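Chemist: Just one file: start_12.txt, with compact mmCIF, C-alpha atoms and all ligand atoms.
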```txt
# COMPACT_ATOMS: atom_id res chain seq x y z
CA MET Q 1 0.00 0.00 0.00
CA MET Q 2 2.50 2.56 1.19
CA GLY Q 3 4.71 2.06 -1.86
CA ASP Q 4 1.88 3.32 -4.04
CA TRP Q 5 2.09 6.91 -2.88
CA ASP Q 6 3.75 9.63 -4.92
CA VAL Q 7 3.44 13.41 -5.39
CA GLN Q 8 0.71 13.12 -8.03
CA ARG Q 9 -1.44 10.76 -6.01
CA ALA Q 10 -1.07 12.81 -2.83
CA ALA Q 11 -2.04 16.00 -4.68
CA SER Q 12 -5.10 14.28 -6.18
CA THR Q 13 -6.10 12.84 -2.82
CA LEU Q 14 -5.90 16.18 -1.00
CA LEU Q 15 -7.70 18.19 -3.69
CA GLU Q 16 -10.40 15.51 -3.88
CA ALA Q 17 -10.85 15.61 -0.08
CA GLU Q 18 -11.21 19.39 -0.33
CA HIS Q 19 -13.66 19.18 -3.23
CA THR Q 20 -15.85 16.52 -1.65
CA ARG Q 21 -15.50 17.98 1.86
CA THR Q 22 -14.38 14.65 3.23
CA ASP Q 23 -11.74 14.50 5.91
CA ARG Q 24 -9.23 11.66 5.91
CA PRO Q 25 -6.32 10.24 7.91
CA PRO Q 26 -2.92 11.89 7.57
CA ILE Q 27 -1.00 10.77 4.50
CA THR Q 28 1.97 9.84 6.69
CA ASP Q 29 -0.16 7.08 8.26
CA GLU Q 30 0.28 5.25 4.96
CA TRP Q 31 3.41 6.98 3.69
CA PRO Q 32 5.63 7.45 6.78
CA GLU Q 33 8.69 8.26 4.65
CA LEU Q 34 7.06 11.43 3.31
CA ASP Q 35 9.72 14.09 3.88
CA LEU Q 36 9.49 17.87 3.89
CA ALA Q 37 10.91 18.40 0.40
CA THR Q 38 8.42 15.94 -1.09
CA ALA Q 39 5.61 17.53 0.95
CA TYR Q 40 6.44 20.92 -0.61
CA ALA Q 41 6.45 19.25 -4.03
CA ILE Q 42 2.90 18.03 -3.29
CA GLN Q 43 1.91 21.54 -2.15
CA ASP Q 44 3.36 22.97 -5.39
CA GLU Q 45 1.51 20.35 -7.45
CA THR Q 46 -1.80 21.28 -5.80
CA LEU Q 47 -1.04 24.93 -6.61
CA ALA Q 48 -0.30 24.06 -10.23
CA ARG Q 49 -3.66 22.28 -10.46
CA ARG Q 50 -5.49 25.22 -8.86
CA LEU Q 51 -3.88 27.55 -11.42
CA ALA Q 52 -4.71 25.16 -14.26
CA ARG Q 53 -8.39 25.40 -13.31
CA GLY Q 54 -8.25 29.19 -13.53
CA GLU Q 55 -7.29 30.38 -10.07
CA HIS Q 56 -4.63 33.08 -9.71
CA LEU Q 57 -1.69 33.08 -7.31
CA ILE Q 58 -2.01 36.13 -5.03
CA GLY Q 59 0.39 35.48 -2.20
CA VAL Q 60 1.62 33.26 0.59
CA LYS Q 61 0.53 32.29 4.06
CA LEU Q 62 2.66 31.31 6.99
CA GLY Q 63 1.55 28.66 9.42
CA LEU Q 64 2.50 27.78 12.96
CA THR Q 65 4.39 31.02 13.63
CA SER Q 66 3.00 31.57 17.16
CA ARG Q 67 3.44 29.46 20.26
CA ALA Q 68 -0.35 29.25 20.61
CA LYS Q 69 -0.62 27.55 17.22
CA GLN Q 70 2.50 25.43 17.64
CA GLN Q 71 1.36 24.06 20.98
CA ARG Q 72 -2.14 23.25 19.74
CA MET Q 73 -0.86 21.38 16.69
CA GLY Q 74 2.15 19.83 18.43
CA ILE Q 75 4.50 21.12 15.73
CA SER Q 76 7.17 23.68 16.53
CA SER Q 77 8.29 24.54 13.02
CA PRO Q 78 6.70 27.30 10.91
CA LEU Q 79 5.76 26.59 7.28
CA VAL Q 80 4.70 28.44 4.14
CA ALA Q 81 1.86 27.75 1.72
CA TRP Q 82 0.06 29.35 -1.22
CA LEU Q 83 -2.85 31.78 -1.48
CA THR Q 84 -5.03 32.02 -4.58
CA ASP Q 85 -7.85 34.42 -5.41
CA ALA Q 86 -10.37 31.64 -4.74
CA MET Q 87 -9.39 31.83 -1.06
CA VAL Q 88 -10.50 35.45 -0.65
CA LEU Q 89 -13.62 35.86 1.46
CA PRO Q 90 -15.30 39.23 0.84
CA ALA Q 91 -15.87 41.42 3.91
CA GLY Q 92 -19.29 40.72 5.38
CA ALA Q 93 -19.65 37.28 3.80
CA PRO Q 94 -20.43 34.39 6.18
CA VAL Q 95 -18.09 31.46 6.66
CA PRO Q 96 -18.79 29.35 3.52
CA GLN Q 97 -19.82 26.24 5.44
CA ASP Q 98 -21.03 24.52 2.26
CA GLN Q 99 -17.45 24.48 0.94
CA LEU Q 100 -15.61 23.54 4.10
CA ILE Q 101 -15.20 20.46 6.31
CA HIS Q 102 -14.64 21.76 9.86
CA PRO Q 103 -13.62 25.42 9.64
CA ARG Q 104 -11.70 27.16 12.40
CA ALA Q 105 -10.98 30.90 12.56
CA GLU Q 106 -7.77 32.62 13.61
CA PRO Q 107 -6.78 36.30 13.67
CA GLU Q 108 -3.69 37.28 11.70
CA ILE Q 109 -1.67 40.32 10.72
CA VAL Q 110 -1.67 40.69 6.95
CA PHE Q 111 0.89 42.40 4.73
CA VAL Q 112 0.45 43.68 1.20
CA MET Q 113 3.82 43.88 -0.53
CA ALA Q 114 4.93 47.10 -2.27
CA GLN Q 115 8.14 45.51 -3.52
CA ARG Q 116 9.53 42.13 -4.36
CA LEU Q 117 11.27 40.43 -1.45
CA ALA Q 118 13.85 37.77 -2.25
CA GLY Q 119 16.04 35.84 0.17
CA PRO Q 120 18.40 34.58 1.37
CA GLY Q 121 19.52 36.87 4.15
CA VAL Q 122 16.30 38.85 4.51
CA THR Q 123 16.00 40.46 7.96
CA ALA Q 124 12.87 41.80 9.65
CA ALA Q 125 13.99 45.34 8.80
CA THR Q 126 14.52 44.69 5.09
CA ALA Q 127 11.28 42.70 5.01
CA MET Q 128 9.37 45.61 6.52
CA SER Q 129 10.79 48.06 3.97
CA ALA Q 130 9.19 46.00 1.18
CA VAL Q 131 5.71 46.15 2.77
CA GLY Q 132 3.18 48.63 1.40
CA ALA Q 133 0.29 48.14 3.80
CA VAL Q 134 -0.70 46.28 6.96
CA LEU Q 135 -4.20 45.01 7.68
CA GLY Q 136 -5.93 42.85 10.23
CA GLY Q 137 -7.27 39.57 8.97
CA VAL Q 138 -9.11 36.42 9.93
CA GLU Q 139 -8.08 33.18 8.29
CA ILE Q 140 -10.57 30.32 8.11
CA ILE Q 141 -8.46 27.16 8.16
CA ASP Q 142 -9.88 23.79 7.17
CA SER Q 143 -7.58 20.79 7.38
CA ARG Q 144 -8.33 17.88 5.08
CA TYR Q 145 -7.22 15.61 7.92
CA THR Q 146 -9.65 14.27 10.49
CA ASP Q 147 -9.63 16.26 13.74
CA PHE Q 148 -6.74 18.41 12.42
CA ARG Q 149 -4.37 15.54 13.26
CA PHE Q 150 -1.21 15.74 11.15
CA THR Q 151 2.58 15.83 11.09
CA LEU Q 152 4.60 18.67 9.56
CA PRO Q 153 4.93 16.99 6.13
CA ASP Q 154 1.16 16.25 6.13
CA VAL Q 155 0.19 19.86 6.78
CA VAL Q 156 2.76 21.20 4.30
CA ALA Q 157 1.31 18.92 1.61
CA ASP Q 158 -2.19 20.12 2.56
CA ASN Q 159 -1.26 23.75 1.81
CA ALA Q 160 -1.24 24.52 5.55
CA SER Q 161 -4.97 23.79 5.99
CA SER Q 162 -5.86 26.67 3.64
CA GLY Q 163 -9.52 27.58 3.45
CA CYS Q 164 -10.22 31.25 2.99
CA TYR Q 165 -9.43 34.57 4.60
CA VAL Q 166 -10.96 37.99 5.05
CA THR Q 167 -9.13 41.26 5.63
CA GLY Q 168 -10.26 44.10 7.87
CA PRO Q 169 -11.46 47.61 7.07
CA VAL Q 170 -8.26 49.46 8.02
CA SER Q 171 -5.09 49.56 5.93
CA ARG Q 172 -2.04 51.29 7.39
CA PRO Q 173 1.49 51.99 6.17
CA PRO Q 174 3.83 49.75 8.17
CA THR Q 175 5.99 52.59 9.42
CA ILE Q 176 3.35 54.13 11.68
CA LEU Q 177 2.63 50.98 13.69
CA ASP Q 178 4.50 48.98 16.28
CA LEU Q 179 3.23 45.63 15.12
CA SER Q 180 4.67 43.74 18.08
CA MET Q 181 2.21 45.74 20.20
CA GLU Q 182 -0.78 45.45 17.86
CA ALA Q 183 -3.37 43.60 19.94
CA VAL Q 184 -6.29 41.43 18.95
CA VAL Q 185 -9.22 40.23 21.03
CA LEU Q 186 -11.11 37.26 19.64
CA GLU Q 187 -14.79 36.87 20.50
CA VAL Q 188 -17.28 34.09 19.86
CA ASP Q 189 -20.92 34.96 20.45
CA GLY Q 190 -19.91 38.08 22.34
CA GLU Q 191 -17.55 36.34 24.74
CA VAL Q 192 -13.80 36.91 24.68
CA VAL Q 193 -12.17 33.55 24.00
CA ASP Q 194 -8.57 34.59 23.34
CA SER Q 195 -6.25 37.56 22.83
CA ALA Q 196 -2.70 38.21 21.69
CA THR Q 197 -0.36 40.85 20.33
CA GLY Q 198 1.70 40.84 17.15
CA GLY Q 199 4.72 39.91 19.24
CA ALA Q 200 3.22 36.42 19.50
CA VAL Q 201 4.13 35.94 15.84
CA GLN Q 202 7.86 35.16 15.85
CA GLY Q 203 8.46 38.16 18.14
CA HIS Q 204 7.23 40.47 15.36
CA PRO Q 205 5.20 39.72 12.20
CA ALA Q 206 8.09 41.13 10.14
CA GLU Q 207 10.20 38.21 11.40
CA ALA Q 208 7.59 35.86 9.95
CA LEU Q 209 7.72 37.73 6.64
CA ALA Q 210 11.52 37.45 6.58
CA LEU Q 211 11.24 33.77 7.42
CA ALA Q 212 8.89 33.23 4.47
CA ALA Q 213 11.19 35.10 2.06
CA ASN Q 214 14.20 33.09 3.21
CA ALA Q 215 12.33 29.76 3.10
CA LEU Q 216 11.04 30.46 -0.42
CA ALA Q 217 14.57 31.40 -1.53
CA GLU Q 218 15.67 27.85 -0.73
CA ARG Q 219 13.20 26.74 -3.40
CA GLY Q 220 14.34 29.45 -5.86
CA LEU Q 221 11.22 31.56 -5.22
CA ALA Q 222 10.52 35.08 -3.93
CA ILE Q 223 7.65 37.09 -2.51
CA GLU Q 224 6.41 39.26 -5.37
CA ALA Q 225 5.26 42.89 -5.36
CA GLY Q 226 1.50 43.08 -4.87
CA TRP Q 227 1.29 39.78 -3.02
CA VAL Q 228 -0.66 39.31 0.17
CA VAL Q 229 1.16 37.64 3.09
CA LEU Q 230 -0.76 36.11 5.99
CA THR Q 231 1.78 36.01 8.82
CA GLY Q 232 0.11 33.23 10.85
CA GLY Q 233 -2.51 32.83 13.56
CA MET Q 234 -1.76 35.04 16.57
CA THR Q 235 -3.99 32.95 18.88
CA ASP Q 236 -5.24 29.41 18.85
CA ALA Q 237 -7.91 28.87 16.18
CA VAL Q 238 -11.55 28.63 17.26
CA PHE Q 239 -14.34 26.59 15.69
CA ALA Q 240 -16.71 28.64 13.56
CA PRO Q 241 -19.93 26.61 13.54
CA PRO Q 242 -23.13 27.60 11.72
CA GLY Q 243 -25.06 30.14 13.73
CA SER Q 244 -22.03 31.45 15.61
CA ARG Q 245 -20.82 35.03 15.44
CA LEU Q 246 -17.10 35.66 15.47
CA ALA Q 247 -15.34 38.96 15.99
CA ALA Q 248 -11.66 39.92 15.90
CA HIS Q 249 -11.05 43.37 17.34
CA PHE Q 250 -7.60 44.76 16.53
CA SER Q 251 -6.24 47.70 18.52
CA THR Q 252 -5.53 49.91 15.53
CA LEU Q 253 -6.44 47.72 12.50
CA GLY Q 254 -10.19 47.70 13.14
CA SER Q 255 -12.71 44.93 13.72
CA ILE Q 256 -13.75 41.97 11.61
CA VAL Q 257 -17.14 40.47 12.37
CA LEU Q 258 -17.97 37.17 10.76
CA SER Q 259 -21.14 35.12 10.77
CA GLY Q 260 -20.49 31.39 11.14
CA GLY Q 261 -23.01 30.91 8.30
C1 LIG S 1 -2.22 24.59 10.12
C2 LIG S 1 -2.41 25.95 9.53
C3 LIG S 1 -1.61 26.95 10.23
C4 LIG S 1 -1.50 29.30 10.95
O1 LIG S 1 -1.80 30.49 10.82
O2 LIG S 1 -0.81 28.89 11.90
C5 LIG S 1 -1.99 28.37 9.96
C6 LIG S 1 -3.34 24.31 11.07
O3 LIG S 1 -3.35 24.87 12.17
O4 LIG S 1 -4.23 23.52 10.69
O5 LIG S 1 -2.66 28.78 9.04
MG MG S 2 -3.32 30.83 9.45
```
When written as structure tokens, how does the structure in this file appear?
Ligand code: OOG
Ligand code: MG

Modeler:
Amino acid sequence: MMGDWDVQRAASTLLEAEHTRTDRPPITDEWPELDLATAYAIQDETLARRLARGEHLIGVKLGLTSRAKQQRMGISSPLVAWLTDAMVLPAGAPVPQDQLIHPRAEPEIVFVMAQRLAGPGVTAATAMSAVGAVLGGVEIIDSRYTDFRFTLPDVVADNASSGCYVTGPVSRPPTILDLSMEAVVLEVDGEVVDSATGGAVQGHPAEALALAANALAERGLAIEAGWVVLTGGMTDAVFAPPGSRLAAHFSTLGSIVLSGG
């Protein structure tokens, strides 16, 4: 059985699970030798297939950049994954439950790039100088794996549990904010369930951006001008069931209110 797995089959399996909204066991249960380089090849193959069906590449997302996320998932290493235009949730739209398996919501700091950013050797300071705007965001993650149980290669192959994301109403130039101090309070049905500051994300979200640029450079890639970068969940993710009402209140980047559908 396990000898049957390869990049093509894994990509087909994950995209099919997404399309049919059917969760499944981690691929490494059957393919324990799956390594990180092969997992990124699977991620890239799923991107190629998304683009072949007409989606457009619009940026990257980081995953597992905060201790809250790393502890929950039991994985201490950050990762990068792809964003396409099909993953954009318009402001005010409910969580698209009919397209997702078991969505969870997490607040993130979002960058829009003014300039191309290519590693290696990118620091937080050089990363920040390539940013055009900063926004608050909420990512709706949706693992294809049952109960969000996975290893690092599994979640890399699964495009870091990508679902969709919404950005907030306020866009600021990066220079006027101390992003390590930017706070977010996460509410479900009017009750505060979690809070964090930007410092939770690798000490500063710009560190996460630098990390992404340097990680992509190892694969001969760069962060392009105009791209969106989700820097990773600041808090643990919360379930977003139908009928719930989620809110992420940022200290200077405004509030995002989201109906669970
Ligand atoms: C992996 C996705 C991680 C983040 O911001 O940490 C991610 C997961 O938690 O399922 O998007
Ligand atoms: Mg995320």

Chemist: Can I get the residues of chain Q within 6 Å of ligand LIG 1 (chain S), each with the closest pair of atoms and their distance in Å to one decimal, using only C-alpha atoms and all ligand atoms, sorted chain first then ascending number, as a Markdown table?

Modeler:
```
| residue | atom | partner | partner_atom | distance |
| --- | --- | --- | --- | --- |
| Q:Leu62 | CA | S:LIG1 | O1 | 5.9 |
| Q:Gly63 | CA | S:LIG1 | O2 | 3.4 |
| Q:Leu64 | CA | S:LIG1 | O2 | 3.6 |
| Q:Thr65 | CA | S:LIG1 | O2 | 5.9 |
| Q:Lys69 | CA | S:LIG1 | O2 | 5.5 |
| Q:Ser143 | CA | S:LIG1 | O4 | 5.4 |
| Q:Phe148 | CA | S:LIG1 | O4 | 6.0 |
| Q:Ala160 | CA | S:LIG1 | C2 | 4.4 |
| Q:Ser161 | CA | S:LIG1 | O4 | 4.8 |
| Q:Gly232 | CA | S:LIG1 | O1 | 3.3 |
| Q:Gly233 | CA | S:LIG1 | O1 | 3.7 |
```

Chemist: Go through Q:Ile223, Q:Val170, Q:Val156, Q:Ala11 and flag the residue nearest Ala48 in chain Q, using all atoms listed in the file for the distances.

Modeler: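 Nearest to Ala48 in chain Q: Q:Ala11.
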
Chemist: If I put a ball of radius 7 Å at (1.9, 40.8, -0.7) in the file's coordinates, which residues poke into it when counting all atoms listed in the file, written as number ranges by chain?

Modeler: Q: 59, 111-113, 224-229

Chemist: Measuring atom to atom with only C-alpha atoms and all ligand atoms, identify which of Q:Asp6, Q:Glu207, Q:Glu108, Q:Asp178 is nearest to ligand MG 2 (chain S).

Modeler: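 Result for the nearest residue to ligand MG 2 (chain S): Q:Glu108.
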
Chemist: Once you count all atoms listed in the file, what closest atom pair and distance in Å to one decimal does each residue of chain Q within 12 Å of ligand MG 2 (chain S) have, with rows by chain and rising residue number, as a tab-separated table?

Modeler:
```
residue	atom	partner	partner_atom	distance
Q:Val60	CA	S:MG2	MG	10.4
Q:Lys61	CA	S:MG2	MG	6.8
Q:Leu62	CA	S:MG2	MG	6.5
Q:Gly63	CA	S:MG2	MG	5.3
Q:Leu64	CA	S:MG2	MG	7.4
Q:Thr65	CA	S:MG2	MG	8.8
Q:Ser66	CA	S:MG2	MG	10.0
Q:Ala68	CA	S:MG2	MG	11.7
Q:Lys69	CA	S:MG2	MG	8.9
Q:Gln70	CA	S:MG2	MG	11.4
Q:Pro78	CA	S:MG2	MG	10.7
Q:Leu79	CA	S:MG2	MG	10.3
Q:Val80	CA	S:MG2	MG	9.9
Q:Ala81	CA	S:MG2	MG	9.8
Q:Trp82	CA	S:MG2	MG	11.3
Q:Leu83	CA	S:MG2	MG	11.0
Q:Pro103	CA	S:MG2	MG	11.6
Q:Arg104	CA	S:MG2	MG	9.6
Q:Ala105	CA	S:MG2	MG	8.3
Q:Glu106	CA	S:MG2	MG	6.3
Q:Pro107	CA	S:MG2	MG	7.7
Q:Glu108	CA	S:MG2	MG	6.8
Q:Ile109	CA	S:MG2	MG	9.7
Q:Val110	CA	S:MG2	MG	10.3
Q:Gly137	CA	S:MG2	MG	9.6
Q:Val138	CA	S:MG2	MG	8.1
Q:Glu139	CA	S:MG2	MG	5.4
Q:Ile140	CA	S:MG2	MG	7.4
Q:Ile141	CA	S:MG2	MG	6.4
Q:Asp142	CA	S:MG2	MG	9.9
Q:Ser143	CA	S:MG2	MG	11.1
Q:Val155	CA	S:MG2	MG	11.8
Q:Asn159	CA	S:MG2	MG	10.6
Q:Ala160	CA	S:MG2	MG	7.7
Q:Ser161	CA	S:MG2	MG	8.0
Q:Ser162	CA	S:MG2	MG	7.6
Q:Gly163	CA	S:MG2	MG	9.2
Q:Cys164	CA	S:MG2	MG	9.5
Q:Tyr165	CA	S:MG2	MG	8.7
Q:Val166	CA	S:MG2	MG	11.4
Q:Val201	CA	S:MG2	MG	11.1
Q:Val229	CA	S:MG2	MG	10.3
Q:Leu230	CA	S:MG2	MG	6.8
Q:Thr231	CA	S:MG2	MG	7.3
Q:Gly232	CA	S:MG2	MG	4.4
Q:Gly233	CA	S:MG2	MG	4.6
Q:Met234	CA	S:MG2	MG	8.4
Q:Thr235	CA	S:MG2	MG	9.7
Q:Asp236	CA	S:MG2	MG	9.7
Q:Ala237	CA	S:MG2	MG	8.4
Q:Val238	CA	S:MG2	MG	11.6
```

Chemist: Distance cut-off 9 Å, centre (5.1, 44.5, 13.0) in file coordinates, counting all atoms listed in the file: which residues qualify? Return them as a PyMOL selection string.

Modeler: chain Q and resi 109+124+128+134+174-175+177-182+198-199+203-207

Chemist: Between CA of Ala91 in chain Q and CA of Ser171 in chain Q, what is the spacing in Å?

Modeler: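 Result for CA of Ser171 in chain Q versus CA of Ala91 in chain Q: 13.7 Å, one decimal.
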
Chemist: Quick check, in Å to one decimal: how far apart do CA of Ala41 in chain Q and CA of Val7 in chain Q lie?

Modeler: 6.7 Å

Chemist: For a quick check of understanding, using only C-alpha atoms, which of Q:Leu216, Q:Leu36, Q:Ile176, Q:Leu152 has the smallest distance to Ser76 in chain Q?

Modeler: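 Under the stated criterion, the closest residue is Q:Leu152.
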
Chemist: Pick out the residues sitting within 10 Å of Val185 in chain Q, and hand them over as a PyMOL selection string; count only C-alpha atoms, and ignore anything fewer than 5 positions along from it in its own chain.

Modeler: chain Q and resi 107+191-197+235+247-251+255

Chemist: From the set Q:Gly243, Q:Gly168, Q:Gly190, Q:Pro153, which residue has the shortest atom-to-atom contact distance to Thr28 in chain Q, counting all atoms listed in the file?

Modeler: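 Under the stated criterion, the closest residue is Q:Pro153.
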
Chemist: Could you tell me how far CA of Ala183 in chain Q sits from CA of Ile256 in chain Q, in Å to one decimal place?

Modeler: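 Taking CA of Ile256 in chain Q and CA of Ala183 in chain Q, their separation equals 13.4 Å.
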